[in-house]
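Colleague: Contents of protein_10.cif (mmCIF, C-alpha atoms (C1' of nucleotides)) are given next:
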data_run
#
loop_
_atom_site.group_PDB
_atom_site.id
_atom_site.type_symbol
_atom_site.label_atom_id
_atom_site.label_comp_id
_atom_site.auth_asym_id
_atom_site.auth_seq_id
_atom_site.Cartn_x
_atom_site.Cartn_y
_atom_site.Cartn_z
ATOM 1 C CA MET A 9 121.532 109.299 -75.215
ATOM 2 C CA ASN A 10 125.129 110.318 -75.396
ATOM 3 C CA SER A 11 127.723 108.913 -73.054
ATOM 4 C CA PRO A 12 130.165 108.917 -71.491
ATOM 5 C CA LEU A 13 130.109 112.470 -70.258
ATOM 6 C CA ILE A 14 133.473 114.169 -69.888
ATOM 7 C CA LYS A 15 133.931 117.070 -67.481
ATOM 8 C CA LEU A 16 136.763 119.545 -67.946
ATOM 9 C CA PRO A 17 137.547 122.688 -65.950
ATOM 10 C CA VAL A 18 137.792 126.023 -67.759
ATOM 11 C CA THR A 19 139.931 128.411 -65.731
ATOM 12 C CA THR A 20 139.061 132.083 -66.170
ATOM 13 C CA ARG A 21 139.569 135.282 -64.202
ATOM 14 C CA GLU A 22 136.053 134.813 -62.862
ATOM 15 C CA GLY A 23 136.697 131.329 -61.539
ATOM 16 C CA VAL A 24 136.682 127.789 -62.820
ATOM 17 C CA PHE A 25 133.763 126.806 -65.031
ATOM 18 C CA ILE A 26 133.102 123.125 -65.631
ATOM 19 C CA ALA A 27 132.450 122.106 -69.239
ATOM 20 C CA HIS A 28 130.571 118.879 -69.959
ATOM 21 C CA TYR A 29 131.189 117.046 -73.236
ATOM 22 C CA SER A 30 129.506 114.084 -74.890
ATOM 23 C CA GLU A 31 130.608 112.259 -78.023
ATOM 24 C CA THR A 32 128.937 114.884 -80.156
ATOM 25 C CA GLY A 33 129.807 118.130 -78.470
ATOM 26 C CA LEU A 34 129.434 120.433 -75.504
ATOM 27 C CA THR A 35 126.402 119.464 -73.455
ATOM 28 C CA GLY A 36 126.686 121.825 -70.524
ATOM 29 C CA LEU A 37 128.623 124.472 -68.672
ATOM 30 C CA ASP A 38 128.594 124.985 -64.905
ATOM 31 C CA PHE A 39 129.285 128.323 -63.274
ATOM 32 C CA PRO A 40 132.222 128.475 -60.856
ATOM 33 C CA LYS A 41 131.328 127.386 -57.351
ATOM 34 C CA LEU A 42 131.726 130.621 -55.450
ATOM 35 C CA SER A 43 133.927 130.455 -52.379
ATOM 36 C CA LYS A 44 135.001 126.922 -53.180
ATOM 37 C CA ARG A 45 138.510 125.756 -53.829
ATOM 38 C CA ILE A 46 139.503 125.472 -57.469
ATOM 39 C CA PRO A 47 139.424 121.806 -58.475
ATOM 40 C CA SER A 48 142.495 120.328 -60.084
ATOM 41 C CA ALA A 49 142.316 120.080 -63.848
ATOM 42 C CA ARG A 50 141.605 116.532 -64.863
ATOM 43 C CA ILE A 51 139.296 114.577 -67.069
ATOM 44 C CA SER A 52 136.618 112.861 -65.066
ATOM 45 C CA GLY A 53 133.396 111.011 -65.517
ATOM 46 C CA GLY A 54 134.343 108.970 -68.527
ATOM 47 C CA ASN A 55 137.022 107.091 -70.350
ATOM 48 C CA PRO A 56 137.150 108.438 -73.890
ATOM 49 C CA SER A 57 139.032 106.635 -76.601
ATOM 50 C CA LYS A 58 142.208 108.337 -77.854
ATOM 51 C CA PRO A 59 140.662 109.923 -80.979
ATOM 52 C CA MET A 60 137.779 111.137 -78.837
ATOM 53 C CA ALA A 61 140.131 112.658 -76.281
ATOM 54 C CA GLY A 62 141.915 114.578 -79.027
ATOM 55 C CA GLN A 63 138.632 115.855 -80.395
ATOM 56 C CA ILE A 64 137.410 116.862 -76.984
ATOM 57 C CA ARG A 65 140.669 118.722 -76.365
ATOM 58 C CA ARG A 66 140.012 120.707 -79.555
ATOM 59 C CA TRP A 67 136.461 121.436 -78.443
ATOM 60 C CA HIS A 68 137.740 122.390 -75.019
ATOM 61 C CA ARG A 69 140.213 124.867 -76.508
ATOM 62 C CA ALA A 70 137.346 126.410 -78.473
ATOM 63 C CA THR A 71 135.166 126.502 -75.343
ATOM 64 C CA THR A 72 137.932 128.122 -73.295
ATOM 65 C CA ALA A 73 138.651 130.742 -75.955
ATOM 66 C CA ALA A 74 134.964 131.510 -76.446
ATOM 67 C CA LEU A 75 134.320 131.765 -72.722
ATOM 68 C CA LYS A 76 137.243 134.094 -72.163
ATOM 69 C CA SER A 77 136.196 136.275 -75.093
ATOM 70 C CA ILE A 78 132.644 136.599 -73.823
ATOM 71 C CA LEU A 79 133.752 137.238 -70.243
ATOM 72 C CA GLY A 80 135.969 139.980 -71.659
ATOM 73 C CA GLY A 81 133.007 141.549 -73.405
ATOM 74 C CA ARG A 82 134.113 140.436 -76.875
ATOM 75 C CA ALA A 83 132.469 138.225 -79.475
ATOM 76 C CA ALA A 84 133.609 134.606 -79.513
ATOM 77 C CA LYS A 85 135.421 133.689 -82.744
ATOM 78 C CA THR A 86 134.656 129.986 -82.632
ATOM 79 C CA PHE A 87 132.345 127.748 -80.671
ATOM 80 C CA PRO A 88 132.609 124.029 -80.026
ATOM 81 C CA PRO A 89 129.722 121.968 -81.435
ATOM 82 C CA PHE A 90 126.777 121.989 -79.054
ATOM 83 C CA ASP A 91 125.060 118.735 -78.163
ATOM 84 C CA TRP A 92 121.406 119.570 -77.628
ATOM 85 C CA SER A 93 120.104 116.046 -78.036
ATOM 86 C CA GLY A 94 117.193 115.351 -75.747
ATOM 87 C CA LYS A 95 116.162 118.992 -75.804
ATOM 88 C CA THR A 96 112.945 120.130 -77.430
ATOM 89 C CA LYS A 97 112.759 121.869 -80.804
ATOM 90 C CA PHE A 98 111.310 124.904 -79.098
ATOM 91 C CA GLN A 99 114.239 125.192 -76.695
ATOM 92 C CA GLN A 100 116.747 124.755 -79.509
ATOM 93 C CA ALA A 101 115.002 127.455 -81.544
ATOM 94 C CA VAL A 102 115.211 129.837 -78.591
ATOM 95 C CA TRP A 103 118.891 129.080 -77.974
ATOM 96 C CA ASN A 104 119.767 129.404 -81.669
ATOM 97 C CA GLU A 105 118.148 132.804 -81.666
ATOM 98 C CA MET A 106 120.257 133.839 -78.684
ATOM 99 C CA LEU A 107 123.429 132.726 -80.450
ATOM 100 C CA LYS A 108 122.778 135.383 -83.100
ATOM 101 C CA LEU A 109 123.212 138.125 -80.502
ATOM 102 C CA GLY A 110 126.581 139.833 -80.326
ATOM 103 C CA PRO A 111 128.234 141.451 -77.301
ATOM 104 C CA GLY A 112 126.230 144.353 -75.968
ATOM 105 C CA GLU A 113 123.251 143.323 -78.068
ATOM 106 C CA THR A 114 120.114 142.490 -76.113
ATOM 107 C CA ARG A 115 116.611 141.262 -76.837
ATOM 108 C CA SER A 116 113.500 141.004 -74.714
ATOM 109 C CA TYR A 117 111.742 137.702 -74.088
ATOM 110 C CA GLY A 118 108.976 138.985 -76.335
ATOM 111 C CA GLU A 119 111.384 139.753 -79.178
ATOM 112 C CA ILE A 120 112.876 136.264 -79.001
ATOM 113 C CA ALA A 121 109.377 134.777 -79.010
ATOM 114 C CA GLU A 122 108.545 136.824 -82.086
ATOM 115 C CA ALA A 123 111.801 135.891 -83.814
ATOM 116 C CA ILE A 124 111.017 132.180 -83.586
ATOM 117 C CA GLY A 125 107.524 132.759 -84.916
ATOM 118 C CA LYS A 126 105.675 132.401 -81.622
ATOM 119 C CA PRO A 127 105.092 135.978 -80.484
ATOM 120 C CA LYS A 128 102.833 134.932 -77.638
ATOM 121 C CA ALA A 129 105.166 132.307 -76.195
ATOM 122 C CA VAL A 130 107.022 134.838 -74.051
ATOM 123 C CA ARG A 131 106.707 132.845 -70.851
ATOM 124 C CA ALA A 132 107.808 129.711 -72.600
ATOM 125 C CA VAL A 133 110.904 131.581 -73.830
ATOM 126 C CA GLY A 134 111.692 132.354 -70.202
ATOM 127 C CA GLY A 135 111.352 128.672 -69.443
ATOM 128 C CA ALA A 136 113.691 127.757 -72.291
ATOM 129 C CA CYS A 137 116.221 130.296 -71.020
ATOM 130 C CA GLY A 138 116.108 128.709 -67.611
ATOM 131 C CA ALA A 139 116.631 125.296 -69.167
ATOM 132 C CA ASN A 140 119.721 126.497 -71.061
ATOM 133 C CA PRO A 141 122.526 124.091 -70.093
ATOM 134 C CA ILE A 142 125.276 126.223 -71.633
ATOM 135 C CA PRO A 143 124.996 129.697 -70.099
ATOM 136 C CA VAL A 144 127.436 132.441 -71.195
ATOM 137 C CA LEU A 145 128.217 130.692 -74.505
ATOM 138 C CA VAL A 146 124.497 130.606 -75.275
ATOM 139 C CA PRO A 147 123.972 134.185 -74.131
ATOM 140 C CA CYS A 148 120.784 133.923 -72.124
ATOM 141 C CA HIS A 149 122.155 136.830 -70.069
ATOM 142 C CA ARG A 150 121.481 139.072 -73.096
ATOM 143 C CA ILE A 151 117.755 138.449 -72.766
ATOM 144 C CA LEU A 152 116.088 141.159 -70.734
ATOM 145 C CA ALA A 153 112.483 141.562 -69.721
ATOM 146 C CA ALA A 154 110.422 144.384 -71.192
ATOM 147 C CA ASN A 155 111.614 147.977 -70.583
ATOM 148 C CA GLN A 156 115.230 146.858 -70.072
ATOM 149 C CA LYS A 157 114.405 145.227 -66.764
ATOM 150 C CA ILE A 158 116.916 142.554 -65.859
ATOM 151 C CA GLY A 159 114.474 139.690 -65.385
ATOM 152 C CA GLY A 160 116.012 136.518 -64.004
ATOM 153 C CA PHE A 161 118.939 134.194 -64.562
ATOM 154 C CA SER A 162 119.391 130.512 -63.802
ATOM 155 C CA GLY A 163 123.013 130.984 -62.766
ATOM 156 C CA GLY A 164 122.119 133.811 -60.409
ATOM 157 C CA LEU A 165 121.358 137.460 -61.129
ATOM 158 C CA LYS A 166 124.845 138.352 -59.909
ATOM 159 C CA TRP A 167 126.327 136.638 -62.959
ATOM 160 C CA LYS A 168 123.816 138.191 -65.316
ATOM 161 C CA MET A 169 124.587 141.679 -64.022
ATOM 162 C CA LYS A 170 128.317 141.050 -64.213
ATOM 163 C CA LEU A 171 128.168 139.755 -67.781
ATOM 164 C CA LEU A 172 125.944 142.594 -68.960
ATOM 165 C CA ALA A 173 128.192 145.162 -67.292
ATOM 166 C CA ARG A 174 131.189 143.696 -69.131
ATOM 167 C CA GLU A 175 129.375 144.203 -72.410
ATOM 168 C CA GLY A 176 128.366 147.735 -71.525
ATOM 169 C CA VAL A 177 124.671 146.956 -71.427
ATOM 170 C CA GLY A 178 122.460 149.168 -69.329
ATOM 171 C CA PHE A 179 119.612 147.600 -67.410
ATOM 172 C CA ILE A 180 117.119 148.426 -64.660
ATOM 173 C "C1'" DG B 29 96.012 116.513 -67.491
ATOM 174 C "C1'" DA B 30 97.342 119.891 -64.219
ATOM 175 C "C1'" DC B 31 100.464 123.135 -62.747
ATOM 176 C "C1'" DA B 32 104.261 126.372 -62.815
ATOM 177 C "C1'" DG B 33 107.164 129.862 -64.936
ATOM 178 C "C1'" DA B 34 113.458 134.208 -65.963
ATOM 179 C "C1'" DT B 35 106.609 137.684 -69.399
ATOM 180 C "C1'" DG B 36 103.812 141.265 -71.127
ATOM 181 C "C1'" DA B 37 100.021 144.206 -71.368
ATOM 182 C "C1'" DA B 38 96.047 146.441 -69.676
ATOM 183 C "C1'" DG B 39 93.356 148.618 -66.235
ATOM 184 C "C1'" DG B 40 92.684 150.893 -61.893
ATOM 185 C "C1'" DA B 41 94.158 153.708 -57.961
ATOM 186 C "C1'" DT C 13 103.378 156.330 -62.290
ATOM 187 C "C1'" DC C 14 103.053 152.213 -59.890
ATOM 188 C "C1'" DC C 15 100.762 148.018 -58.692
ATOM 189 C "C1'" DT C 16 97.766 144.224 -59.555
ATOM 190 C "C1'" DT C 17 95.576 141.048 -62.380
ATOM 191 C "C1'" DC C 18 94.971 138.230 -66.175
ATOM 192 C "C1'" DA C 19 95.964 136.130 -70.738
ATOM 193 C "C1'" DT C 20 99.015 133.262 -73.193
ATOM 194 C "C1'" DC C 21 102.240 129.282 -74.356
ATOM 195 C "C1'" DT C 22 105.318 125.659 -73.334
ATOM 196 C "C1'" DG C 23 107.726 122.316 -70.387
ATOM 197 C "C1'" DT C 24 107.609 119.132 -66.680
ATOM 198 C "C1'" DC C 25 105.722 115.866 -63.548
#
Would you give me this structure, written as structure tokens?

Modeller:
Amino acid sequence: MNSPLIKLPVTTREGVFIAHYSETGLTGLDFPKLSKRIPSARISGGNPSKPMAGQIRRWHRATTAALKSILGGRAAKTFPPFDWSGKTKFQQAVWNEMLKLGPGETRSYGEIAEAIGKPKAVRAVGGACGANPIPVLVPCHRILAANQKIGGFSGGLKWKMKLLAREGVGFI
DNA sequence: GACAGATGAAGGA
DNA sequence: TCCTTCATCTGTC
């Protein structure tokens, strides 16, 4: 496994997201804690060597820029490397498929299942979406249920609706 | 090995 | 048209 894990705050208009980094890339992204005070910006959880810290700062800039772009309803220009070690091939296939979606572009769980060559694994796709550690950047909010129904969202439907509204996506 | 899940489709009222 | 039920597949415990 990868360690240590570095946590860095990403301040946006929507609140402060917490990005988690390992030695190989971004491992996770936490939604802002609603109605909580904004934590002070500091590196915590690890003690990276100097070259590592510089690299993580670069990744963090990319994460911040990508997050702000997506929250603004625009496509992210660059992404940090994602660290999906420990995740299953199936989950990675689902998330890679989601990364191909641009702003305002949506797919159904069934379409994602079909795209990865497992057209009947629709429920499993839902499970992979729920296991997505990097919401927003890996746009699981762009996955709708059949007939444009909103479905569910691990970070809370409120976020899903907000993100989709930003991108001008209509849903039921 | 059993169970649960962010689905989808079909059938009945 | 809406609701209920069931089939299907994968991940997790």

Colleague: Exactly which residues make up the result of the PyMOL selection byres ((chain B) within 9 of (chain A)) on this file, given as a short mmCIF file (atom, residue, chain, number, x, y, z; two decimals) with C-alpha atoms (C1' of nucleotides), in the frame of the given file?

Modeller:
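Result file is selection.cif:
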data_model
loop_
_atom_site.label_atom_id
_atom_site.label_comp_id
_atom_site.auth_asym_id
_atom_site.auth_seq_id
_atom_site.Cartn_x
_atom_site.Cartn_y
_atom_site.Cartn_z
"C1'" DG B 33 107.16 129.86 -64.94
"C1'" DA B 34 113.46 134.21 -65.96
"C1'" DT B 35 106.61 137.68 -69.40
"C1'" DG B 36 103.81 141.26 -71.13
#

Colleague: Could you produce a table of the residues of chain C lying within 8 Å of chain A, with the nearest pair of atoms per residue and their separation in Å rounded to one decimal, using all atoms listed in the file, ordered by chain and increasing residue number, as CSV?

Modeller:
residue,atom,partner,partner_atom,distance
C:DT20,C1',A:Lys128,CA,6.1
C:DC21,C1',A:Ala129,CA,4.6
C:DT22,C1',A:Ala132,CA,4.8
C:DG23,C1',A:Gly135,CA,7.4

Colleague: Taking the file as shown, find all residues satisfying the PyMOL selection byres ((chain B and resi 31) around 10) and write them as a list of chain:residue names.

Modeller: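 So the PyMOL selection byres ((chain B and resi 31) around 10), applied here, picks out B:DG29, B:DA30, B:DA32, B:DG33, C:DT24, C:DC25.
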
Colleague: Could you dump the residues just selected with C-alpha atoms (C1' of nucleotides) as a compact mmCIF listing (two decimals), in the coordinates of the input?

Modeller:
# COMPACT_ATOMS: atom_id res chain seq x y z
C1' DG B 29 96.01 116.51 -67.49
C1' DA B 30 97.34 119.89 -64.22
C1' DA B 32 104.26 126.37 -62.82
C1' DG B 33 107.16 129.86 -64.94
C1' DT C 24 107.61 119.13 -66.68
C1' DC C 25 105.72 115.87 -63.55

Colleague: Provide the CA of Trp92 in chain A to CA of Pro147 in chain A distance in Å, to one decimal place.

Modeller: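 Value for the CA of Trp92 in chain A-CA of Pro147 in chain A distance: 15.2 Å.
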
Colleague: Evaluate the PyMOL selection byres ((chain C and resi 15) around 9) on the structure here and hand back the selected residues as a CSV table (one decimal) with C-alpha atoms (C1' of nucleotides), in the coordinates of the input.

Modeller:
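That gives us out_12.csv:
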chain,number,residue,atom,x,y,z
B,41,DA,C1',94.2,153.7,-58.0
C,14,DC,C1',103.1,152.2,-59.9
C,16,DT,C1',97.8,144.2,-59.6

Colleague: Every residue with an atom at most 10 Å from (131.7, 120.8, -71.8) (file coordinates; all atoms listed in the file) is what I'm after, so could you write them as a list in words?

Modeller: Leu13, Ile14, Lys15, Leu16, Pro17, Val18, Phe25, Ile26, Ala27, His28, Tyr29, Ser30, Gly33, Leu34, Thr35, Gly36, Leu37, Asp38, Ile64, Trp67, His68, Thr71, Thr72, Pro88, Pro89, Phe90, Asp91, Pro141 and Ile142 of chain A

Colleague: For the atom pair CA of Ile124 in chain A and CA of Gly110 in chain A, what is the interatomic distance in Å to one decimal place?

Modeller: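 Between CA of Ile124 in chain A and CA of Gly110 in chain A the gap is 17.6 Å.
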
Colleague: Using only C-alpha atoms (C1' of nucleotides) and a cutoff of 10 Å, can you tell me which residues are near (136.1, 136.8, -61.3) in the file's coordinates, and write them out as a list in words?

Modeller: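 The residues that fall inside the cut-off are Thr20, Arg21, Glu22, Gly23, Val24, Pro40, Leu42, Leu79, Trp167 and Lys170 of chain A.
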
Colleague: Starting from 4 Å padding per side, set up an axis-aligned box that covers all listed atoms of chain C and hand over centre and edge lengths in Å, one decimal, as lines of an AutoDock Vina configuration file.

Modeller:
center_x = 101.3
center_y = 136.1
center_z = -66.5
size_x = 20.8
size_y = 48.5
size_z = 23.7

Colleague: Record the distance separating CA of Val102 in chain A and CA of Thr19 in chain A, expressed in Å with one decimal.

Modeller: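 Taking CA of Val102 in chain A and CA of Thr19 in chain A, their separation equals 27.9 Å.
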
Colleague: Applying 7 Å and all atoms listed in the file, which residues near Ala84 in chain A remain after dropping the ones on its own chain fewer than 5 positions away? List them as a VMD selection string.

Modeller: chain A and resid 74 77 to 78
